[in-house]
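I have placed the structure first, in the form of structure tokens, so that the comments after it can refer back to it.
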Amino acid sequence: MKTTMIQRSKEIYQITIPTPFLVGPVNTYLIKGDALTLVDTGPKTAEAREQMENSLAELNLSFKDIELVVLTHHHPDHVGLIGEFLPNAKIAGHLKLKPWLEKDEQFYSRTRQFFYRFYREHGVPESWVREMDRSQNYYMDFTSPASVDFILEEGDLIDGLPGWRVLETPGHAQSHLSLIREKDGTMVAGDHLIEHISSNAIIEAPYFNETERPKTLLQYREALKKCINASLIFSGHGSMIRKPKELIEERIHAMDKKAQVFKRKMGEDPIQVFSLCQKMYPEIYRKQTALTFSETLGHLDLLEERGEVKAERSEGEIYYMKA
Ligand SMILES: [Zn+2]
């Protein structure tokens, strides 16, 4: 089997794992700190398991040698294989990773209820909402349940990984965090920044006691700015990023431009998010409904924050119009 383990520095090894998803392979990182640490795991598939096993074997390691697994966010391509590392490894991640990883039924059902109402308010036909629910369930099947041993938050140092600090980087996922090695600005950033594709700021339901949905694109922009001084970023997919500042500025600029394209596409009459999504992404929206919907609403949030568009509710449905 072709090697997918690359030593990136004295203590960092990149292990690339296949996924059955459109995004392609996922990068996980083995860090030889005081604790033998793995950042992200790959999905729960036989191919991913085999690849991980072989890559670890190249370093004379096996699943049970991993002492700590830090999970950047709850998406199945990053956390699915966690079961293989238990019970030996401890798991560290954001508080918002917890209900996903634990497969908290109450949380899942609240989230589904939120999305049902939310999509309907934004003009998504019922059959499409059901289809999105089905693909979300399909996606979550690539994970096994586990509990989080250590909750990480902004500024935390990690026991077992001296010199690395936690940055909360919400936007792509509410549970998203990144790690930065303070002495040289090296980051392991999951899906927060990817060189060859722009990360989607996926819409999520409120968590715990929250009452409003998070405005994920706005969060994402702020969290990108936090990483502007990183010297090198190891990413969850694709190549490492050698010029983070340039890429971050490019991404922020691209969002500003895209927001204006959405504004032009809106036309002069009130329009619902789903209709605008269909106008902006003819055809793609059919296969990638949730992602294109998130892109559309995210940019509307940005325009609304700038006072360029406003939202109005009429008979339980939400319409956007130029302000
Ligand atoms: Zn992701």
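How things are named: the first chain in the structure tokens is A, the next is B, and so on; residues count from 1 in each chain; ligands count from 1 in the order shown.
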
Sorted by chain and rising residue number, list the residues of chain A at most 7 Å from ligand 1 (counting only C-alpha atoms and all ligand atoms), each with its closest atom pair and distance in Å to one decimal, as CSV.
residue,atom,partner,partner_atom_place_in_ligand_line,distance
A:His73,CA,ligand 1,1 (Zn),6.7
A:His75,CA,ligand 1,1 (Zn),5.0
A:His172,CA,ligand 1,1 (Zn),6.5
A:Ala173,CA,ligand 1,1 (Zn),6.7
A:Asp191,CA,ligand 1,1 (Zn),5.2

Produce a file of the selected residues containing N, CA, C and O atoms, as an mmCIF file, in the first residue's frame.
data_model
loop_
_atom_site.group_PDB
_atom_site.id
_atom_site.type_symbol
_atom_site.label_atom_id
_atom_site.label_comp_id
_atom_site.auth_asym_id
_atom_site.auth_seq_id
_atom_site.Cartn_x
_atom_site.Cartn_y
_atom_site.Cartn_z
ATOM 1 N N HIS A 73 -13.100 19.083 15.286
ATOM 2 C CA HIS A 73 -14.541 19.371 15.207
ATOM 3 C C HIS A 73 -15.292 18.081 14.967
ATOM 4 O O HIS A 73 -14.683 17.038 14.742
ATOM 5 N N HIS A 75 -17.222 16.713 12.678
ATOM 6 C CA HIS A 75 -17.592 16.077 11.402
ATOM 7 C C HIS A 75 -16.991 14.667 11.284
ATOM 8 O O HIS A 75 -15.849 14.433 11.689
ATOM 9 N N HIS A 172 -16.847 27.021 10.434
ATOM 10 C CA HIS A 172 -17.083 25.788 9.670
ATOM 11 C C HIS A 172 -17.904 24.811 10.512
ATOM 12 O O HIS A 172 -18.800 24.140 10.022
ATOM 13 N N ALA A 173 -17.569 24.734 11.792
ATOM 14 C CA ALA A 173 -18.367 23.960 12.748
ATOM 15 C C ALA A 173 -18.338 24.713 14.071
ATOM 16 O O ALA A 173 -17.336 25.347 14.408
ATOM 17 N N ASP A 191 -10.454 21.929 9.534
ATOM 18 C CA ASP A 191 -11.096 22.475 8.329
ATOM 19 C C ASP A 191 -11.256 23.986 8.391
ATOM 20 O O ASP A 191 -11.993 24.572 7.597
#

- Task: Going by DSSP on the backbone, which bits of segment 34-267 of chain A are helix (DSSP H, G or I)? Write them as an MDAnalysis selection string, please.
- Result: chainID A and resid 46:58 63:65 76:85 95:101 105:121 126:140 216:225 244:266

- Message: When you look at segment 49-54 of chain A with a cut-off of 12 Å (counting only C-alpha atoms), what residues show up, excluding the ones that are within fewer than 4 positions of it in the same chain? I need them as a PyMOL selection string.
- Response: chain A and resi 1-5+14-19+25-30+38+40-45+58-66+80-85+142

Selected residues, C-alpha atoms, written as an mmCIF file, in the first residue's frame, please.
data_model
loop_
_atom_site.group_PDB
_atom_site.id
_atom_site.type_symbol
_atom_site.label_atom_id
_atom_site.label_comp_id
_atom_site.auth_asym_id
_atom_site.auth_seq_id
_atom_site.Cartn_x
_atom_site.Cartn_y
_atom_site.Cartn_z
ATOM 1 C CA MET A 1 0.000 0.000 0.000
ATOM 2 C CA LYS A 2 1.194 3.486 -0.882
ATOM 3 C CA THR A 3 2.598 5.405 2.046
ATOM 4 C CA THR A 4 0.421 8.159 3.390
ATOM 5 C CA MET A 5 2.525 8.989 6.401
ATOM 6 C CA GLN A 14 0.868 13.757 8.821
ATOM 7 C CA ILE A 15 -1.255 10.665 8.224
ATOM 8 C CA THR A 16 -3.677 10.934 5.319
ATOM 9 C CA ILE A 17 -6.783 8.772 5.480
ATOM 10 C CA PRO A 18 -9.315 8.017 2.712
ATOM 11 C CA THR A 19 -12.955 9.076 3.165
ATOM 12 C CA PRO A 25 -8.934 12.236 1.951
ATOM 13 C CA VAL A 26 -8.547 13.779 5.405
ATOM 14 C CA ASN A 27 -5.248 14.666 7.090
ATOM 15 C CA THR A 28 -4.696 13.591 10.654
ATOM 16 C CA TYR A 29 -1.599 14.561 12.623
ATOM 17 C CA LEU A 30 0.448 12.539 15.050
ATOM 18 C CA LEU A 38 -3.297 12.241 17.390
ATOM 19 C CA ASP A 40 -8.358 13.849 14.272
ATOM 20 C CA THR A 41 -8.921 10.253 13.240
ATOM 21 C CA GLY A 42 -10.574 9.824 9.834
ATOM 22 C CA PRO A 43 -14.053 8.306 9.315
ATOM 23 C CA LYS A 44 -15.384 4.967 10.506
ATOM 24 C CA THR A 45 -14.765 2.823 7.424
ATOM 25 C CA GLU A 58 5.438 2.519 9.853
ATOM 26 C CA LEU A 59 6.288 4.249 13.115
ATOM 27 C CA ASN A 60 6.172 0.956 15.005
ATOM 28 C CA LEU A 61 2.935 2.039 16.649
ATOM 29 C CA SER A 62 -0.556 0.627 16.916
ATOM 30 C CA PHE A 63 -3.947 2.060 17.889
ATOM 31 C CA LYS A 64 -3.417 1.295 21.549
ATOM 32 C CA ASP A 65 -0.215 3.367 21.728
ATOM 33 C CA ILE A 66 -2.057 6.641 21.150
ATOM 34 C CA GLY A 80 -15.435 8.714 13.005
ATOM 35 C CA LEU A 81 -12.626 6.296 13.734
ATOM 36 C CA ILE A 82 -12.270 7.320 17.382
ATOM 37 C CA GLY A 83 -13.573 3.964 18.644
ATOM 38 C CA GLU A 84 -10.380 2.228 17.476
ATOM 39 C CA PHE A 85 -8.294 4.243 19.936
ATOM 40 C CA PHE A 142 -19.594 7.114 9.813
#

- Task: With a distance cut-off of 10 Å and only C-alpha atoms, select the neighbouring residues of segment 115-118 of chain A, excluding the residue or stretch itself and same-chain residues fewer than 6 positions from it, and output the selection as a ChimeraX atom specification.
- Result: /A:109,124,126,129-130,132-133,203-205,213,316-318

For the selection you just gave me, I'd like the residues written to a file as a JSON list (two decimals), in the first residue's frame, keeping C-alpha atoms.
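Result went into again.json, see below:
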[["chain", "number", "residue", "atom", "x", "y", "z"],
["A", 109, "SER", "CA", -33.80, 15.46, 18.10],
["A", 124, "VAL", "CA", -37.36, 24.89, 1.41],
["A", 126, "GLU", "CA", -40.90, 19.70, 2.76],
["A", 129, "VAL", "CA", -36.09, 19.01, 4.11],
["A", 130, "ARG", "CA", -36.71, 15.29, 4.57],
["A", 132, "MET", "CA", -31.49, 16.69, 3.86],
["A", 133, "ASP", "CA", -32.38, 14.97, 7.11],
["A", 203, "ILE", "CA", -25.41, 26.59, 9.44],
["A", 204, "GLU", "CA", -26.06, 24.87, 12.75],
["A", 205, "ALA", "CA", -28.87, 24.79, 15.27],
["A", 213, "ARG", "CA", -28.85, 30.09, 15.44],
["A", 316, "GLY", "CA", -44.30, 32.40, 9.29],
["A", 317, "GLU", "CA", -41.94, 32.68, 6.34],
["A", 318, "ILE", "CA", -38.78, 34.79, 6.09]]

- Task: Mind giving me the straight-line distance from atom CA of Ser147 of chain A to atom CA of Ala48 of chain A in Å, one decimal?
- Result: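 So the two atoms, atom CA of Ser147 of chain A and atom CA of Ala48 of chain A, lie 20.9 Å apart.
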
- Query: Can you list, as a list of chain:residue names, every protein, DNA or RNA residue that comes within 8 Å of segment 214-216 of chain A when you count only C-alpha atoms, leaving out same-chain residues fewer than 2 positions away?
  - Reply: A:Pro170, A:Gly171, A:His172, A:Ala201, A:Ile202, A:Ile203, A:Glu204, A:Ala205, A:Pro206, A:Glu212, A:Leu218, A:Gln219, A:Tyr220, A:Gly298, A:Asp301

- Nearest-residue call for Arg8 of chain A, choices A:Asn209, A:Thr186, A:Gln272, A:Ser314, using only C-alpha atoms: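 The closest residue to Arg8 of chain A is A:Thr186.
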
Please tabulate, as JSON lines, the residues of segment 95-214 of chain A that come within 8 Å of segment 240-254 of chain A, each with its closest pair of atoms and the distance in Å to one decimal, counting only C-alpha atoms and ordering rows by chain, then residue number upward.
{"residue": "A:Leu193", "atom": "CA", "partner": "A:Ile248", "partner_atom": "CA", "distance": 8.0}
{"residue": "A:Ile194", "atom": "CA", "partner": "A:Ile241", "partner_atom": "CA", "distance": 7.7}
{"residue": "A:Glu195", "atom": "CA", "partner": "A:Ile241", "partner_atom": "CA", "distance": 6.3}
{"residue": "A:Ser198", "atom": "CA", "partner": "A:Arg251", "partner_atom": "CA", "distance": 7.2}

- Query: Would you give me, as a ChimeraX atom specification, the residues in segment 28-83 of chain A that DSSP reads as strand (DSSP E)?
  - Reply: /A:28-32,36-39,68-70

- Message: Can you pull out the residues contacting Val261 of chain A? Cut-off 12 Å, using only C-alpha atoms, and skip same-chain residues under 6 positions away; I want them as number ranges by chain.
- Response: A: 254-255, 267, 276-277, 279-281, 296, 299-300, 303

- Message: From the options A:Ala223, A:Thr72, A:Asp269, A:Leu217, which residue's atoms come nearest to Glu304 of chain A, counting only C-alpha atoms?
- Response: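 When distances to Glu304 of chain A are compared using only C-alpha atoms, the smallest one comes from A:Leu217.
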